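Source file: coords-v9.tsv (TSV, C-alpha atoms)
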```tsv
chain	number	residue	atom	x	y	z
A	1	MET	CA	-77.63	29.90	-37.15
A	2	GLN	CA	-74.06	31.03	-37.76
A	3	VAL	CA	-73.47	32.88	-41.03
A	4	PHE	CA	-69.94	32.73	-42.40
A	5	GLU	CA	-68.90	35.37	-44.94
A	6	GLN	CA	-66.12	35.71	-47.47
A	7	GLU	CA	-65.37	38.41	-50.05
A	8	LEU	CA	-63.74	38.03	-53.43
A	9	THR	CA	-63.17	39.99	-56.62
A	10	VAL	CA	-63.94	38.52	-60.03
A	11	SER	CA	-60.78	37.92	-62.06
A	12	GLN	CA	-60.20	37.29	-65.75
A	13	GLU	CA	-59.78	33.56	-65.07
A	14	ASP	CA	-63.33	33.40	-63.67
A	15	LEU	CA	-64.94	34.51	-66.94
A	16	ASP	CA	-66.46	32.45	-69.74
A	17	ASP	CA	-66.86	33.23	-73.46
A	18	LEU	CA	-69.68	35.67	-72.65
A	19	ASN	CA	-67.40	37.65	-70.31
A	20	HIS	CA	-69.32	36.85	-67.15
A	21	VAL	CA	-68.47	34.43	-64.36
A	22	ASN	CA	-68.67	30.84	-65.57
A	23	ASN	CA	-71.28	28.69	-63.84
A	24	VAL	CA	-68.61	26.13	-62.90
A	25	VAL	CA	-66.66	28.87	-61.11
A	26	TYR	CA	-69.68	29.69	-58.95
A	27	LEU	CA	-69.89	26.03	-58.00
A	28	GLN	CA	-66.19	26.01	-57.10
A	29	TRP	CA	-66.75	29.03	-54.86
A	30	VAL	CA	-69.66	27.20	-53.19
A	31	GLN	CA	-67.39	24.27	-52.40
A	32	ASP	CA	-64.49	26.50	-51.34
A	33	ILE	CA	-66.49	28.53	-48.81
A	34	ALA	CA	-67.97	25.35	-47.30
A	35	LYS	CA	-64.49	23.90	-46.87
A	36	THR	CA	-63.14	27.15	-45.41
A	37	HIS	CA	-66.03	27.33	-42.93
A	38	TRP	CA	-65.42	23.70	-41.83
A	39	LEU	CA	-61.67	24.24	-41.45
A	40	LYS	CA	-62.23	27.44	-39.45
A	41	ASN	CA	-64.62	25.80	-36.98
A	42	ALA	CA	-63.41	22.22	-36.63
A	43	ASN	CA	-60.72	21.30	-34.12
A	44	GLU	CA	-57.73	19.08	-34.91
A	45	ALA	CA	-59.44	15.91	-33.64
A	46	LEU	CA	-62.43	16.44	-35.93
A	47	LEU	CA	-60.16	17.19	-38.90
A	48	ARG	CA	-58.20	13.97	-38.23
A	49	ASN	CA	-61.36	11.85	-38.07
A	50	TYR	CA	-63.84	13.27	-40.58
A	51	PHE	CA	-64.28	14.75	-44.03
A	52	TRP	CA	-67.27	15.81	-46.13
A	53	VAL	CA	-68.43	14.71	-49.57
A	54	VAL	CA	-71.11	16.29	-51.75
A	55	ILE	CA	-74.32	14.38	-52.35
A	56	SER	CA	-76.09	17.05	-54.40
A	57	HIS	CA	-76.01	20.70	-55.44
A	58	ASN	CA	-79.12	22.67	-56.30
A	59	ILE	CA	-77.87	25.95	-57.73
A	60	GLU	CA	-79.90	28.82	-59.14
A	61	TYR	CA	-78.29	31.55	-61.23
A	62	LYS	CA	-80.16	34.82	-60.88
A	63	SER	CA	-77.80	37.41	-62.35
A	64	SER	CA	-74.30	37.68	-63.79
A	65	ALA	CA	-71.07	38.84	-62.21
A	66	LEU	CA	-68.50	40.59	-64.39
A	67	LEU	CA	-64.79	41.29	-64.34
A	68	HIS	CA	-63.67	43.21	-61.21
A	69	ASP	CA	-67.05	42.90	-59.48
A	70	LYS	CA	-66.67	42.61	-55.74
A	71	LEU	CA	-68.70	39.71	-54.38
A	72	LEU	CA	-69.89	38.71	-50.94
A	73	LEU	CA	-70.43	35.02	-50.25
A	74	LYS	CA	-72.57	34.04	-47.26
A	75	THR	CA	-73.06	30.50	-46.05
A	76	TYR	CA	-74.79	28.70	-43.22
A	77	VAL	CA	-75.91	25.20	-42.33
A	78	SER	CA	-79.69	24.97	-42.39
A	79	GLU	CA	-80.01	21.38	-41.16
A	80	SER	CA	-77.91	18.50	-39.85
A	81	LYS	CA	-79.56	15.12	-39.51
A	82	GLY	CA	-78.18	11.60	-39.46
A	83	VAL	CA	-75.12	11.57	-41.72
A	84	THR	CA	-76.12	14.57	-43.87
A	85	SER	CA	-75.97	18.30	-43.57
A	86	THR	CA	-77.66	20.92	-45.76
A	87	ARG	CA	-75.68	24.07	-46.44
A	88	ILE	CA	-76.91	27.24	-48.11
A	89	VAL	CA	-74.57	29.55	-50.02
A	90	ASN	CA	-75.73	32.91	-51.36
A	91	ILE	CA	-73.49	35.05	-53.56
A	92	TYR	CA	-74.15	38.78	-53.76
A	93	ASN	CA	-72.75	41.67	-55.75
A	94	LYS	CA	-71.23	43.63	-52.89
A	95	GLN	CA	-71.68	47.04	-54.55
A	96	ASN	CA	-75.48	46.84	-55.02
A	97	ASN	CA	-76.38	43.85	-52.78
A	98	ASN	CA	-78.04	42.00	-55.71
A	99	LEU	CA	-78.36	38.26	-55.16
A	100	LEU	CA	-76.49	36.57	-58.03
A	101	VAL	CA	-76.53	32.90	-57.06
A	102	THR	CA	-78.15	30.75	-54.44
A	103	CYS	CA	-77.11	27.16	-53.81
A	104	GLU	CA	-78.34	24.43	-51.50
A	105	THR	CA	-75.83	21.61	-51.09
A	106	LYS	CA	-76.35	18.34	-49.28
A	107	TRP	CA	-73.14	17.04	-47.71
A	108	CYS	CA	-72.41	13.66	-46.17
A	109	LEU	CA	-70.03	13.37	-43.21
A	110	MET	CA	-67.47	10.61	-43.75
A	111	SER	CA	-65.17	8.76	-41.39
A	112	ILE	CA	-61.53	8.95	-42.43
A	113	ALA	CA	-60.86	5.55	-40.80
A	114	THR	CA	-63.65	3.62	-42.52
A	115	LYS	CA	-64.33	5.81	-45.60
A	116	LYS	CA	-68.02	5.31	-44.77
A	117	PRO	CA	-70.74	7.76	-43.73
A	118	ALA	CA	-70.57	8.83	-40.09
A	119	ARG	CA	-73.41	10.13	-37.93
A	120	ILE	CA	-73.15	13.87	-37.29
A	121	THR	CA	-72.37	14.26	-33.61
A	122	GLU	CA	-73.76	17.00	-31.39
A	123	GLU	CA	-70.26	18.49	-31.28
A	124	ILE	CA	-70.17	18.81	-35.08
A	125	ALA	CA	-73.75	20.06	-35.36
A	126	THR	CA	-73.14	22.83	-32.82
A	127	LEU	CA	-70.07	24.08	-34.72
A	128	PHE	CA	-72.42	25.90	-37.08
A	129	ASN	CA	-75.20	27.10	-34.75
```
Before we go any further, please render this structure as structure tokens.
Amino acid sequence: MQVFEQELTVSQEDLDDLNHVNNVVYLQWVQDIAKTHWLKNANEALLRNYFWVVISHNIEYKSSALLHDKLLLKTYVSESKGVTSTRIVNIYNKQNNNLLVTCETKWCLMSIATKKPARITEEIATLFN
């Protein structure tokens, strides 16, 4: 299992009325790191032929992040089967290693040509091993 990591620092724009990171922002980060991981690993042919859409997010908020906190996002694909892939994203406070958010997202691979679900090939599945 290949773990992909990304760091970020909480900015003022990430905060809600309670002065902690808004739950929608966490979800945006979940989507952003998944996209970045795909773009990093996929070759030009794959990028020309496929894209991913979200089927479901199951997100659990465990603790809050505040302005200027340094965060570590870690993601990996836990399963690829048929046309779907399950990706885990965990978000940690980098200073104390506390787990802030965990999210399991089910993605569907789509064909650019047909705009219909496409079976995950061995080539795609091994991109994230």
Find the residue from A:Leu127, A:Val21, A:Ile112, A:Leu8 that sits nearest to Leu66 (chain A); use all atoms listed in the file when measuring. A:Val21
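Residues within 6 Å of Lys74 (chain A), counting all atoms listed in the file and excluding same-chain residues fewer than 2 positions away, are Phe4, Glu5, Val89 and Asn90 of chain A.
Remark: for Leu109 (chain A), the closest of the candidate residues A:Ile59, A:Leu47, A:Leu15, A:Val24 is A:Leu47 (distances computed over only C-alpha atoms).
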Would you mind telling me which residue in A:Val3, A:Leu18, A:Leu27, A:Ala45 lies nearest to Ile124 (chain A) when using only C-alpha atoms?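 That would be A:Ala45, the residue with the smallest distance to Ile124 (chain A).
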Tell me which of A:Thr36, A:Gln28, A:Asn97, A:Asn58 sits closest to Gln6 (chain A), counting all atoms listed in the file.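 The answer is A:Thr36, which sits nearest to Gln6 (chain A).
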Minimum-distance residue to Ser63 (chain A), chosen among A:Thr9, A:Thr102, A:Val25, A:Tyr76 (using all atoms listed in the file):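 Nearest to Ser63 (chain A): A:Thr102.
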